[in-house]
Structures are given as structure tokens and as C-alpha cells.
>>> print(open('run-v4.cif').read())   # mmCIF, C-alpha atoms
data_model
#
loop_
_atom_site.label_atom_id
_atom_site.label_comp_id
_atom_site.auth_asym_id
_atom_site.auth_seq_id
_atom_site.Cartn_x
_atom_site.Cartn_y
_atom_site.Cartn_z
CA MET A 1 -14.27 15.09 -7.19
CA SER A 2 -17.56 16.70 -6.22
CA ARG A 3 -17.31 19.69 -3.88
CA PRO A 4 -19.91 22.17 -2.59
CA ALA A 5 -20.28 25.07 -5.04
CA SER A 6 -19.33 28.58 -3.95
CA THR A 7 -20.05 31.72 -5.96
CA ALA A 8 -19.10 35.32 -5.16
CA GLY A 9 -22.05 37.28 -3.82
CA THR A 10 -24.02 34.24 -2.65
CA ALA A 11 -24.38 32.70 0.80
CA ALA A 12 -22.58 29.45 1.51
CA HIS A 13 -24.52 26.45 2.77
CA PRO A 14 -22.07 24.24 4.69
CA ARG A 15 -23.01 20.65 5.40
CA PRO A 16 -24.67 20.07 8.81
CA ARG A 17 -21.95 19.63 11.40
CA ARG A 18 -23.80 17.20 13.65
CA TRP A 19 -23.74 14.36 11.11
CA VAL A 20 -20.11 15.05 10.15
CA ASP A 21 -19.04 15.20 13.81
CA ASN A 22 -20.63 11.81 14.44
CA ALA A 23 -19.08 10.36 11.27
CA VAL A 24 -15.58 11.38 12.41
CA ARG A 25 -16.34 9.91 15.85
CA LEU A 26 -17.39 6.59 14.29
CA ILE A 27 -14.15 6.36 12.28
CA GLU A 28 -12.00 7.27 15.28
CA ALA A 29 -13.87 4.79 17.49
CA ASP A 30 -13.32 2.08 14.90
CA SER A 31 -9.59 2.81 15.03
CA LYS A 32 -9.51 2.68 18.84
CA ARG A 33 -11.24 -0.71 18.92
CA SER A 34 -8.28 -2.37 17.25
CA ALA A 35 -4.69 -2.49 18.48
CA ASP A 36 -1.89 -1.42 16.17
CA THR A 37 -0.76 -3.92 13.56
CA HIS A 38 2.00 -6.30 14.61
CA LEU A 39 5.69 -5.98 13.76
CA LEU A 40 6.97 -9.47 13.03
CA ARG A 41 10.60 -10.49 13.19
CA TYR A 42 11.36 -12.47 10.03
CA PRO A 43 13.50 -15.54 10.81
CA LEU A 44 16.85 -15.20 9.06
CA PRO A 45 19.64 -17.84 9.20
CA THR A 46 22.06 -17.11 12.05
CA ALA A 47 25.16 -18.70 10.50
CA TRP A 48 25.81 -16.26 7.63
CA CYS A 49 28.55 -14.28 9.38
CA SER A 50 29.38 -14.39 13.08
CA ASP A 51 30.45 -10.75 13.37
CA ILE A 52 27.51 -9.21 11.45
CA ASP A 53 24.01 -8.89 12.88
CA VAL A 54 21.24 -8.15 10.40
CA GLN A 55 17.54 -8.25 11.21
CA LEU A 56 14.43 -8.17 9.02
CA TYR A 57 10.98 -7.10 10.24
CA LEU A 58 7.54 -7.27 8.63
CA LYS A 59 4.86 -4.73 9.53
CA ASP A 60 1.81 -7.02 9.32
CA GLU A 61 -0.95 -4.93 7.74
CA SER A 62 -3.10 -8.00 7.07
CA THR A 63 -4.39 -7.77 10.66
CA HIS A 64 -6.56 -4.73 9.84
CA ILE A 65 -10.27 -5.54 9.94
CA THR A 66 -10.47 -5.35 6.13
CA GLY A 67 -7.30 -7.38 5.75
CA SER A 68 -4.75 -5.09 4.10
CA LEU A 69 -2.53 -2.02 4.19
CA LYS A 70 -5.26 -0.13 2.27
CA HIS A 71 -7.36 0.07 5.45
CA ARG A 72 -5.13 2.95 6.58
CA LEU A 73 -5.53 4.76 3.26
CA ALA A 74 -9.31 4.33 3.23
CA ARG A 75 -9.61 5.73 6.75
CA SER A 76 -7.48 8.74 5.82
CA LEU A 77 -9.42 9.44 2.61
CA PHE A 78 -12.74 9.40 4.45
CA LEU A 79 -11.48 11.72 7.20
CA TYR A 80 -10.00 14.01 4.54
CA GLY A 81 -13.31 14.19 2.68
CA LEU A 82 -15.34 14.71 5.86
CA CYS A 83 -13.12 17.42 7.29
CA ASN A 84 -12.95 19.25 3.95
CA GLY A 85 -16.74 19.34 3.76
CA TRP A 86 -16.94 17.06 0.71
CA ILE A 87 -18.75 14.16 2.42
CA GLY A 88 -22.06 14.60 4.18
CA GLU A 89 -25.12 12.61 5.12
CA GLY A 90 -26.30 10.59 2.13
CA THR A 91 -23.24 11.34 -0.06
CA THR A 92 -22.51 8.62 -2.61
CA ILE A 93 -18.86 7.59 -2.31
CA ILE A 94 -17.04 6.63 -5.52
CA GLU A 95 -13.58 5.22 -6.16
CA ALA A 96 -11.56 3.93 -9.11
CA SER A 97 -10.36 0.60 -7.73
CA SER A 98 -10.87 -3.12 -8.21
CA GLY A 99 -8.74 -4.26 -5.29
CA SER A 100 -8.01 -3.89 -1.59
CA THR A 101 -8.60 -0.12 -1.53
CA ALA A 102 -12.20 -0.59 -2.68
CA VAL A 103 -12.75 -3.35 -0.09
CA SER A 104 -11.59 -1.05 2.72
CA GLU A 105 -13.48 1.97 1.41
CA ALA A 106 -16.68 -0.06 1.12
CA TYR A 107 -16.25 -0.97 4.80
CA PHE A 108 -15.99 2.68 5.90
CA ALA A 109 -18.89 3.72 3.68
CA ALA A 110 -21.05 1.05 5.31
CA LEU A 111 -19.88 2.20 8.75
CA LEU A 112 -21.22 5.69 7.95
CA GLY A 113 -24.35 4.44 6.17
CA LEU A 114 -23.26 5.79 2.79
CA PRO A 115 -23.62 4.16 -0.65
CA PHE A 116 -20.32 3.13 -2.26
CA ILE A 117 -19.51 2.49 -5.92
CA ALA A 118 -16.20 0.99 -7.10
CA VAL A 119 -15.36 1.68 -10.76
CA MET A 120 -13.35 -1.14 -12.31
CA PRO A 121 -12.54 -2.92 -15.58
CA ALA A 122 -15.05 -5.51 -16.78
CA SER A 123 -12.22 -8.08 -16.68
CA THR A 124 -11.99 -7.88 -12.85
CA SER A 125 -12.07 -11.33 -11.26
CA GLY A 126 -15.19 -12.56 -9.54
CA SER A 127 -13.32 -13.07 -6.26
CA LYS A 128 -12.39 -9.37 -6.08
CA ILE A 129 -15.94 -8.32 -6.88
CA ALA A 130 -17.22 -10.62 -4.13
CA LEU A 131 -14.91 -9.05 -1.52
CA ILE A 132 -16.16 -5.55 -2.35
CA GLU A 133 -19.80 -6.60 -2.40
CA ALA A 134 -19.36 -8.44 0.91
CA GLN A 135 -18.56 -5.06 2.48
CA GLY A 136 -21.72 -3.53 1.00
CA GLY A 137 -20.16 -1.92 -2.07
CA ARG A 138 -21.50 -1.88 -5.63
CA CYS A 139 -19.27 -2.53 -8.66
CA HIS A 140 -19.52 -0.42 -11.83
CA PHE A 141 -17.68 -1.72 -14.90
CA VAL A 142 -15.83 -0.09 -17.80
CA ALA A 143 -14.38 -1.72 -20.91
CA GLU A 144 -10.75 -0.61 -20.44
CA SER A 145 -8.71 0.02 -17.29
CA SER A 146 -7.69 3.46 -18.56
CA GLN A 147 -11.35 4.56 -18.42
CA VAL A 148 -11.78 4.19 -14.64
CA TYR A 149 -10.66 7.71 -13.74
CA ALA A 150 -12.99 9.57 -16.11
CA GLU A 151 -15.90 7.29 -15.31
CA ALA A 152 -15.45 7.82 -11.57
CA HIS A 153 -15.50 11.58 -12.15
CA ARG A 154 -18.63 11.24 -14.29
CA LEU A 155 -20.46 9.19 -11.67
CA ALA A 156 -19.57 11.72 -8.96
CA GLU A 157 -21.07 14.49 -11.06
CA GLU A 158 -24.13 12.44 -11.97
CA THR A 159 -24.92 11.41 -8.38
CA GLY A 160 -23.73 14.58 -6.65
CA GLY A 161 -21.34 12.28 -4.82
CA HIS A 162 -17.69 12.41 -3.83
CA TYR A 163 -14.87 10.75 -5.79
CA LEU A 164 -12.26 9.77 -3.18
CA ASP A 165 -9.53 9.66 -5.88
CA GLN A 166 -6.91 7.61 -4.06
CA PHE A 167 -4.26 8.21 -6.73
CA THR A 168 -4.36 12.00 -6.26
CA ASN A 169 -5.24 12.31 -2.58
CA ALA A 170 -3.27 9.50 -0.94
CA GLU A 171 -0.20 11.61 -0.10
CA ARG A 172 -2.16 14.64 1.12
CA ALA A 173 -4.84 12.79 3.11
CA THR A 174 -2.41 11.11 5.51
CA ASP A 175 -0.93 13.00 8.45
CA TRP A 176 2.73 12.28 7.70
CA ARG A 177 4.06 14.07 10.82
CA GLY A 178 2.66 11.42 13.14
CA ASN A 179 -0.77 10.74 14.68
CA ASN A 180 0.05 7.02 14.72
CA ASN A 181 0.60 6.79 10.99
CA ILE A 182 2.43 3.73 9.71
CA ALA A 183 5.86 5.39 9.93
CA GLU A 184 5.47 6.55 13.52
CA SER A 185 4.15 3.11 14.44
CA ILE A 186 7.17 1.36 12.91
CA TYR A 187 9.68 3.47 14.84
CA GLU A 188 7.79 3.11 18.12
CA GLN A 189 7.65 -0.67 17.72
CA MET A 190 11.35 -0.80 16.81
CA ARG A 191 12.40 1.23 19.86
CA LEU A 192 13.65 -1.72 21.96
CA GLU A 193 15.11 -3.79 19.11
CA PRO A 194 18.90 -4.31 18.66
CA HIS A 195 18.96 -1.84 15.75
CA PRO A 196 16.02 0.49 16.50
CA VAL A 197 16.61 2.88 13.58
CA PRO A 198 16.35 0.80 10.40
CA GLU A 199 18.99 1.06 7.70
CA TRP A 200 16.20 0.69 5.15
CA ILE A 201 12.43 0.71 4.97
CA VAL A 202 11.15 -1.06 1.85
CA VAL A 203 7.70 -0.48 0.34
CA GLY A 204 5.93 -0.84 -2.98
CA ALA A 205 3.93 1.90 -4.68
CA GLY A 206 0.33 1.70 -5.82
CA THR A 207 -0.89 5.21 -5.19
CA GLY A 208 2.47 6.33 -3.77
CA GLY A 209 0.81 7.43 -0.55
CA THR A 210 2.64 5.01 1.76
CA SER A 211 6.08 5.86 0.40
CA ALA A 212 5.24 9.59 0.63
CA THR A 213 4.15 9.24 4.26
CA ILE A 214 7.20 7.21 5.32
CA GLY A 215 9.69 9.30 3.34
CA ARG A 216 8.37 12.56 4.77
CA TYR A 217 8.35 11.18 8.32
CA ILE A 218 11.96 9.99 8.03
CA ARG A 219 13.04 13.52 7.08
CA TYR A 220 10.78 15.20 9.64
CA ARG A 221 12.27 13.09 12.47
CA ARG A 222 15.80 13.33 10.97
CA HIS A 223 16.33 9.57 10.98
CA ALA A 224 19.28 8.07 9.11
CA THR A 225 16.97 5.48 7.55
CA GLN A 226 16.82 5.29 3.77
CA LEU A 227 13.60 4.57 1.87
CA CYS A 228 13.59 2.02 -0.95
CA VAL A 229 10.59 1.65 -3.25
CA VAL A 230 10.27 -1.65 -5.11
CA ASP A 231 8.38 -1.74 -8.41
CA PRO A 232 7.03 -4.65 -10.50
CA GLU A 233 7.14 -5.10 -14.26
CA ASN A 234 4.92 -2.90 -16.46
CA SER A 235 4.87 -0.09 -13.88
CA ALA A 236 5.70 3.52 -14.69
CA PHE A 237 7.14 4.41 -11.29
CA PHE A 238 10.62 2.92 -11.77
CA PRO A 239 11.30 4.28 -15.29
CA GLY A 240 9.82 7.62 -14.24
CA TYR A 241 12.16 7.75 -11.24
CA GLU A 242 15.15 6.62 -13.30
CA GLN A 243 14.51 9.21 -16.02
CA GLY A 244 13.37 12.02 -13.70
CA ARG A 245 10.00 12.23 -15.48
CA ASP A 246 6.39 12.17 -14.32
CA ASP A 247 4.83 11.63 -17.75
CA VAL A 248 5.93 8.01 -18.29
CA VAL A 249 3.14 5.70 -19.44
CA THR A 250 3.47 1.93 -19.91
CA ALA A 251 1.72 -0.21 -22.48
CA ALA A 252 0.41 -2.81 -20.01
CA SER A 253 -0.85 -3.07 -16.43
CA SER A 254 1.06 -4.51 -13.49
CA ARG A 255 0.56 -8.21 -12.85
CA ILE A 256 1.29 -7.80 -9.13
CA GLU A 257 -1.96 -6.82 -7.49
CA GLY A 258 -1.92 -3.71 -5.30
CA ILE A 259 1.28 -2.11 -6.63
CA GLY A 260 2.59 -0.75 -9.91
CA ARG A 261 0.69 1.62 -12.18
CA PRO A 262 0.68 2.28 -15.95
CA ARG A 263 1.25 5.98 -15.23
CA VAL A 264 3.12 7.95 -12.56
CA GLU A 265 0.34 8.80 -10.12
CA PRO A 266 0.12 12.31 -8.56
CA SER A 267 0.61 10.93 -5.03
CA PHE A 268 4.02 9.43 -5.83
CA LEU A 269 6.74 11.75 -4.53
CA PRO A 270 10.13 10.72 -5.97
CA GLY A 271 11.95 13.37 -3.93
CA VAL A 272 11.47 11.41 -0.68
CA VAL A 273 12.69 8.11 -2.19
CA ASP A 274 16.38 7.22 -1.78
CA ARG A 275 16.43 4.22 -4.09
CA MET A 276 14.18 2.18 -6.35
CA ILE A 277 14.54 -1.49 -7.28
CA ALA A 278 12.77 -3.02 -10.28
CA VAL A 279 11.53 -6.48 -9.30
CA PRO A 280 10.72 -9.19 -11.88
CA ASP A 281 7.21 -10.55 -11.48
CA CYS A 282 8.55 -14.08 -11.16
CA GLY A 283 10.70 -12.83 -8.27
CA SER A 284 7.66 -11.32 -6.55
CA VAL A 285 5.70 -14.56 -6.78
CA ALA A 286 8.67 -16.74 -5.81
CA ALA A 287 9.37 -14.56 -2.76
CA ALA A 288 5.70 -14.73 -1.73
CA HIS A 289 5.84 -18.54 -1.92
CA HIS A 290 9.20 -18.63 -0.12
CA ALA A 291 8.03 -16.38 2.73
CA SER A 292 4.76 -18.31 3.04
CA ARG A 293 6.76 -21.48 3.74
CA VAL A 294 9.06 -19.73 6.21
CA LEU A 295 6.23 -18.01 8.09
CA GLY A 296 3.78 -20.90 7.92
CA ARG A 297 1.08 -18.64 6.43
CA ARG A 298 0.36 -17.26 2.97
CA VAL A 299 1.41 -13.73 2.11
CA GLY A 300 0.25 -11.77 -0.94
CA PRO A 301 2.28 -11.06 -4.09
CA SER A 302 3.10 -7.43 -3.24
CA THR A 303 4.64 -8.69 0.01
CA GLY A 304 6.79 -10.90 -2.21
CA THR A 305 7.88 -7.80 -4.15
CA ASN A 306 8.78 -6.09 -0.86
CA LEU A 307 10.77 -9.08 0.34
CA TRP A 308 12.67 -9.46 -2.94
CA GLY A 309 13.95 -5.91 -2.47
CA ALA A 310 14.57 -6.34 1.26
CA PHE A 311 16.58 -9.55 0.72
CA GLN A 312 18.73 -7.77 -1.87
CA LEU A 313 19.46 -4.90 0.54
CA LEU A 314 20.28 -7.32 3.36
CA ALA A 315 22.71 -9.16 1.08
CA GLU A 316 24.40 -5.84 0.27
CA MET A 317 24.71 -5.05 4.01
CA ILE A 318 26.27 -8.47 4.63
CA ALA A 319 28.68 -8.05 1.72
CA HIS A 320 29.82 -4.70 3.13
CA GLY A 321 30.11 -6.03 6.71
CA ARG A 322 27.41 -3.71 8.01
CA SER A 323 25.03 -4.71 10.81
CA GLY A 324 21.54 -3.23 11.03
CA SER A 325 17.85 -3.74 10.45
CA VAL A 326 15.50 -3.63 7.46
CA VAL A 327 11.74 -3.15 7.75
CA THR A 328 9.16 -3.91 5.09
CA LEU A 329 5.41 -4.51 4.89
CA LEU A 330 3.27 -7.62 4.89
CA ALA A 331 0.60 -5.90 2.84
CA ASP A 332 -2.14 -8.55 2.85
CA SER A 333 -2.82 -12.25 3.24
CA GLY A 334 -2.03 -14.68 0.46
CA ASP A 335 -5.32 -16.45 1.13
CA ARG A 336 -6.95 -13.83 -1.11
CA TYR A 337 -4.90 -15.20 -4.00
CA ALA A 338 -5.39 -18.95 -3.58
CA ASP A 339 -6.84 -19.26 -7.09
CA THR A 340 -4.23 -17.03 -8.76
CA TYR A 341 -0.68 -16.52 -7.46
CA PHE A 342 -0.80 -19.76 -5.48
CA ASP A 343 -2.34 -21.81 -8.30
CA THR A 344 0.13 -23.53 -10.63
CA ASP A 345 -2.23 -23.62 -13.62
CA TRP A 346 -2.93 -19.89 -13.30
CA LEU A 347 0.78 -19.08 -13.06
CA ASN A 348 1.52 -21.17 -16.14
CA ALA A 349 -1.26 -19.42 -18.07
CA GLN A 350 0.32 -16.08 -17.12
CA GLY A 351 3.78 -17.23 -18.22
CA LEU A 352 5.15 -16.89 -14.67
CA ASP A 353 7.89 -19.49 -14.22
CA THR A 354 9.31 -18.98 -10.72
CA SER A 355 11.99 -21.68 -10.80
CA ALA A 356 14.98 -19.40 -11.53
CA SER A 357 13.86 -16.86 -8.94
CA ALA A 358 13.37 -19.63 -6.38
CA GLU A 359 17.03 -20.62 -6.89
CA VAL A 360 18.12 -17.04 -6.16
CA LEU A 361 16.14 -17.13 -2.92
CA SER A 362 17.51 -20.52 -1.97
CA GLU A 363 21.09 -19.25 -2.43
CA PHE A 364 20.29 -16.16 -0.36
CA GLU A 365 18.90 -18.30 2.44
CA CYS A 366 21.99 -20.54 2.43
CA SER A 367 24.73 -17.92 2.11
CA GLY A 368 23.29 -14.43 2.54
CA SER A 369 24.51 -13.55 -0.96
CA TRP A 370 22.49 -12.22 -3.90
CA SER A 371 23.22 -13.48 -7.37
#
>>> encode(input="run-v4.cif", output="C-alpha cells")
Amino acid sequence: MSRPASTAGTAAHPRPRRWVDNAVRLIEADSKRSADTHLLRYPLPTAWCSDIDVQLYLKDESTHITGSLKHRLARSLFLYGLCNGWIGEGTTIIEASSGSTAVSEAYFAALLGLPFIAVMPASTSGSKIALIEAQGGRCHFVAESSQVYAEAHRLAEETGGHYLDQFTNAERATDWRGNNNIAESIYEQMRLEPHPVPEWIVVGAGTGGTSATIGRYIRYRRHATQLCVVDPENSAFFPGYEQGRDDVVTAASSRIEGIGRPRVEPSFLPGVVDRMIAVPDCGSVAAAHHASRVLGRRVGPSTGTNLWGAFQLLAEMIAHGRSGSVVTLLADSGDRYADTYFDTDWLNAQGLDTSASAEVLSEFECSGSWS
């Protein structure tokens, strides 16, 4: 991360305020032009048990202008950099990302007239590169995924730019006490529902910023809600949480785009998480396909991970005779993954056979039980 130098005995030269003031105004105006994302009621069978009422809701983050939950993170990271004096007129913005975060950050960089560079592995798919470039970003490639962090730092130093560093700054950049963050929005939208305080909120972890924001807000507002974080295969978050360690490293990368990391990222705060569920990748994909049929629209694979965990928690509530609500996130549209997670040949090449997981989901839909 590049920051203005300060040395004892020398005069500071803060960035001109006029440009920064206008940049903050542009970001705030962009937020005001769009209504809050929708809270969708997921259709559950009504005949499971006549004396138990359970409800499932999806916070639809795909309706952001850049199409995903990462729009919120990108906005927060830019405001954080601007208000800390790290971003000024002409600053080159750099991020280590090959996915939705880079797409959203490229959008905000273009809004402020700033150059944006996304550092990513050379193996990144052409469709992802196209999404970033469509927002005005430039892609910079490294040989191995583990090299993205150091290369982003190097580019920031070389250009005199600012490395947004989503994996470190996600939890600190977001105002977790309120200010219409995702947690405050969920509770406001749930206010008139039959069970306005959810039993569970279920999210995945990529940076860990969303779970940190929601977990802190739950405690700040003293809600009885519990936070469950779902984690795909090859991710370090679940074993790190289970073992009480932050130095866990996995040998492979997550196959579920947008969530799961090969290391426990600095923004992941296990102390605000009440439970974690490890989700098989086949379950994530099967749940994404299942929900796409139910909703009549495609949802992305990380939404499938969220729903696999949410369905399991709902089944536990039914088994214990407990009414209540569960809220999770529709992180992005499945249309972005038409040539991958929704393509049979691609799934077969990845060794992702969803048939057994689809049977689990079918049984859940019929009986409300979880095998």
C-alpha cells in the first residue's frame, strides 16, 4: 500500500482537498442513484409441518450496478483510501483480484477518472478479463496465484499508486455500526416480516469483510441472531476456525469463485462467527442449479454455497420444532458462469458430479429433512 511519506522535521504536503471532496461526492451520489438491493423471499414448501413456520430470504446483491456483492466492498475501499489521504487525483489504483471485486473496483476507478490495474494469475479465464476491461480496468498477469499480493505491492511502489488490498482492509473499511451497510439493510427490510430477527444469517468468506461487518453489527445491536459462515473445499477458513489458528494454508485454490482462500486472510474475524459449515463443491453447484430452477433465474456458485448451509440450518430448525427465519445472500448472477458452472462439459472436466448432492436437495425439498 502506497501512502504519503512523513518524516520528522519536514513539512507535510497533504493531497489537495478539492479533488478528494469531489471524489467522495461522486461515490456518494452514485450510491444515492440506486435503491437498496432487494430482499427476496425464497419459496419453501408449505406442507413440511403445520405447526412450524420457517422462512428463507435472499439479499439480492446482483442488482448492484456492477452485478455483485463486491460493489459494496469496492465502494468502501475507495472511500477508505480517499479519506485516509492515500488516493488523490491521478493515483493509479491496484488490486489483487481476478473476479467480481476487480470488476467493481474498475467501475469506481473509472467514475473518478483514475487508472486501475488488476493483478491476477495468467490462467484467469477470458470472460473474467473481459468483464474487468469492460469497466475500463487493465489486467496484469503473474505465473502463480500466490504471487498476486507481492506483485500488487510492487506495482504500487513502481507507479506511486495505491494498493487497495481487499484481503487486509475489507473488515476495517466498512462502517459496521450502520450507515446503511448490508447488515443494517437486512434488519430494516426484515422489520415487518413474521420473524423479523433472523435465527441465522449465512454468508461465505472471500476476504472475510462481509462476515466481519454482519457479525459486529449483530453484537452492536444485541440481536439474538447467530452468524454462520459457509466455506468451500480447499479453503483455509474452515480448518483455521476449527483448529483456532490463523496460519493455515491449503495446497490448492477454491473452485467456487468469490469465496474460499488458500490462507486465512487478515480481514476474517473468527470471533464474530458462531458456526462454520464446510460445503462440498458439488453441493455448491447443485444448490446453485436447484435455486436457479426454483427462482427462474440463474444464481452464481457462491450463492449455491450459501443456500447449502441455509437449507441445512432450516432442516435443523424443523427437526427441533423451532419456527423462525434464515437470511442469506444472492451474491451474483449465474449468467456470469454460463460457460463454467452451468456447462456440463466444464463440470465433467473439473470432476464435479452433482448427482448425489441433487438427491440431498430433492429430499430436503420434499420433507424438510437433511441427510
>>> atom_distance(input="run-v4.cif", atom1="CA of Asp335 in chain A", atom2="CA of Lys128 in chain A")
12.3 Å
>>> atom_distance(input="run-v4.cif", atom1="CA of Gln55 in chain A", atom2="CA of Tyr42 in chain A")
7.6 Å
>>> closest_residue(input="run-v4.cif", among="A:Arg25, A:Arg222, A:Arg33, A:Arg261", to="Leu112 in chain A", atoms="all atoms listed in the file")
A:Arg25
>>> resolve_selection(input="run-v4.cif", expression="the PyMOL selection byres ((chain A and resi 96) around 6)", output="ChimeraX atom specification")
/A:95,97,118-119,148
>>> atom_distance(input="run-v4.cif", atom1="CA of Ile256 in chain A", atom2="CA of Ile318 in chain A")
28.5 Å
>>> resolve_selection(input="run-v4.cif", expression="the PyMOL selection byres ((chain A and resi 101) around 9)", output="compact mmCIF listing (two decimals) with C-alpha atoms, in the coordinates of the input")
# COMPACT_ATOMS: atom_id res chain seq x y z
CA SER A 68 -4.75 -5.09 4.10
CA LEU A 69 -2.53 -2.02 4.19
CA LYS A 70 -5.26 -0.13 2.27
CA HIS A 71 -7.36 0.07 5.45
CA LEU A 73 -5.53 4.76 3.26
CA ALA A 74 -9.31 4.33 3.23
CA GLU A 95 -13.58 5.22 -6.16
CA SER A 97 -10.36 0.60 -7.73
CA SER A 98 -10.87 -3.12 -8.21
CA GLY A 99 -8.74 -4.26 -5.29
CA SER A 100 -8.01 -3.89 -1.59
CA ALA A 102 -12.20 -0.59 -2.68
CA VAL A 103 -12.75 -3.35 -0.09
CA SER A 104 -11.59 -1.05 2.72
CA GLU A 105 -13.48 1.97 1.41
CA ALA A 106 -16.68 -0.06 1.12
CA GLN A 166 -6.91 7.61 -4.06
CA GLY A 258 -1.92 -3.71 -5.30
>>> closest_residue(input="run-v4.cif", among="A:Thr168, A:Ser267, A:Ser123, A:Thr174", to="Arg75 in chain A", atoms="all atoms listed in the file")
A:Thr174
>>> decode(input="run-v4.cif", residues="range 295-311 of chain A", atoms="N, CA and C atoms", output="PDB file, in the first residue's frame")
ATOM      1  N   LEU A 295     -36.127 -20.252  -8.665  1.00  0.00           N
ATOM      2  CA  LEU A 295     -36.296 -18.809  -8.821  1.00  0.00           C
ATOM      3  C   LEU A 295     -36.584 -18.388 -10.255  1.00  0.00           C
ATOM      4  N   GLY A 296     -36.300 -19.278 -11.211  1.00  0.00           N
ATOM      5  CA  GLY A 296     -36.498 -18.923 -12.603  1.00  0.00           C
ATOM      6  C   GLY A 296     -35.430 -17.991 -13.136  1.00  0.00           C
ATOM      7  N   ARG A 297     -34.252 -17.981 -12.507  1.00  0.00           N
ATOM      8  CA  ARG A 297     -33.122 -17.153 -12.929  1.00  0.00           C
ATOM      9  C   ARG A 297     -31.859 -17.795 -12.386  1.00  0.00           C
ATOM     10  N   ARG A 298     -30.753 -17.640 -13.103  1.00  0.00           N
ATOM     11  CA  ARG A 298     -29.503 -18.249 -12.664  1.00  0.00           C
ATOM     12  C   ARG A 298     -28.876 -17.481 -11.508  1.00  0.00           C
ATOM     13  N   VAL A 299     -28.370 -18.246 -10.545  1.00  0.00           N
ATOM     14  CA  VAL A 299     -27.596 -17.656  -9.446  1.00  0.00           C
ATOM     15  C   VAL A 299     -26.193 -18.252  -9.483  1.00  0.00           C
ATOM     16  N   GLY A 300     -25.212 -17.507  -8.978  1.00  0.00           N
ATOM     17  CA  GLY A 300     -23.827 -17.942  -9.033  1.00  0.00           C
ATOM     18  C   GLY A 300     -23.498 -19.056  -8.049  1.00  0.00           C
ATOM     19  N   PRO A 301     -22.310 -19.638  -8.181  1.00  0.00           N
ATOM     20  CA  PRO A 301     -21.935 -20.791  -7.350  1.00  0.00           C
ATOM     21  C   PRO A 301     -21.785 -20.467  -5.870  1.00  0.00           C
ATOM     22  N   SER A 302     -21.324 -19.252  -5.524  1.00  0.00           N
ATOM     23  CA  SER A 302     -21.202 -18.917  -4.102  1.00  0.00           C
ATOM     24  C   SER A 302     -22.573 -18.779  -3.455  1.00  0.00           C
ATOM     25  N   THR A 303     -23.580 -18.384  -4.244  1.00  0.00           N
ATOM     26  CA  THR A 303     -24.954 -18.386  -3.730  1.00  0.00           C
ATOM     27  C   THR A 303     -25.388 -19.811  -3.440  1.00  0.00           C
ATOM     28  N   GLY A 304     -24.954 -20.751  -4.277  1.00  0.00           N
ATOM     29  CA  GLY A 304     -25.229 -22.166  -4.002  1.00  0.00           C
ATOM     30  C   GLY A 304     -24.606 -22.619  -2.697  1.00  0.00           C
ATOM     31  N   THR A 305     -23.374 -22.169  -2.426  1.00  0.00           N
ATOM     32  CA  THR A 305     -22.722 -22.498  -1.150  1.00  0.00           C
ATOM     33  C   THR A 305     -23.545 -21.955   0.007  1.00  0.00           C
ATOM     34  N   ASN A 306     -23.973 -20.697  -0.110  1.00  0.00           N
ATOM     35  CA  ASN A 306     -24.804 -20.083   0.934  1.00  0.00           C
ATOM     36  C   ASN A 306     -26.077 -20.880   1.174  1.00  0.00           C
ATOM     37  N   LEU A 307     -26.731 -21.274   0.084  1.00  0.00           N
ATOM     38  CA  LEU A 307     -28.007 -21.981   0.218  1.00  0.00           C
ATOM     39  C   LEU A 307     -27.832 -23.378   0.788  1.00  0.00           C
ATOM     40  N   TRP A 308     -26.740 -24.055   0.442  1.00  0.00           N
ATOM     41  CA  TRP A 308     -26.485 -25.382   1.021  1.00  0.00           C
ATOM     42  C   TRP A 308     -26.439 -25.283   2.548  1.00  0.00           C
ATOM     43  N   GLY A 309     -25.750 -24.271   3.062  1.00  0.00           N
ATOM     44  CA  GLY A 309     -25.693 -24.066   4.506  1.00  0.00           C
ATOM     45  C   GLY A 309     -27.025 -23.641   5.079  1.00  0.00           C
ATOM     46  N   ALA A 310     -27.731 -22.752   4.388  1.00  0.00           N
ATOM     47  CA  ALA A 310     -29.028 -22.268   4.871  1.00  0.00           C
ATOM     48  C   ALA A 310     -30.051 -23.402   4.925  1.00  0.00           C
ATOM     49  N   PHE A 311     -30.078 -24.256   3.901  1.00  0.00           N
ATOM     50  CA  PHE A 311     -31.005 -25.396   3.898  1.00  0.00           C
ATOM     51  C   PHE A 311     -30.718 -26.321   5.080  1.00  0.00           C
TER      52      PHE A 311
END
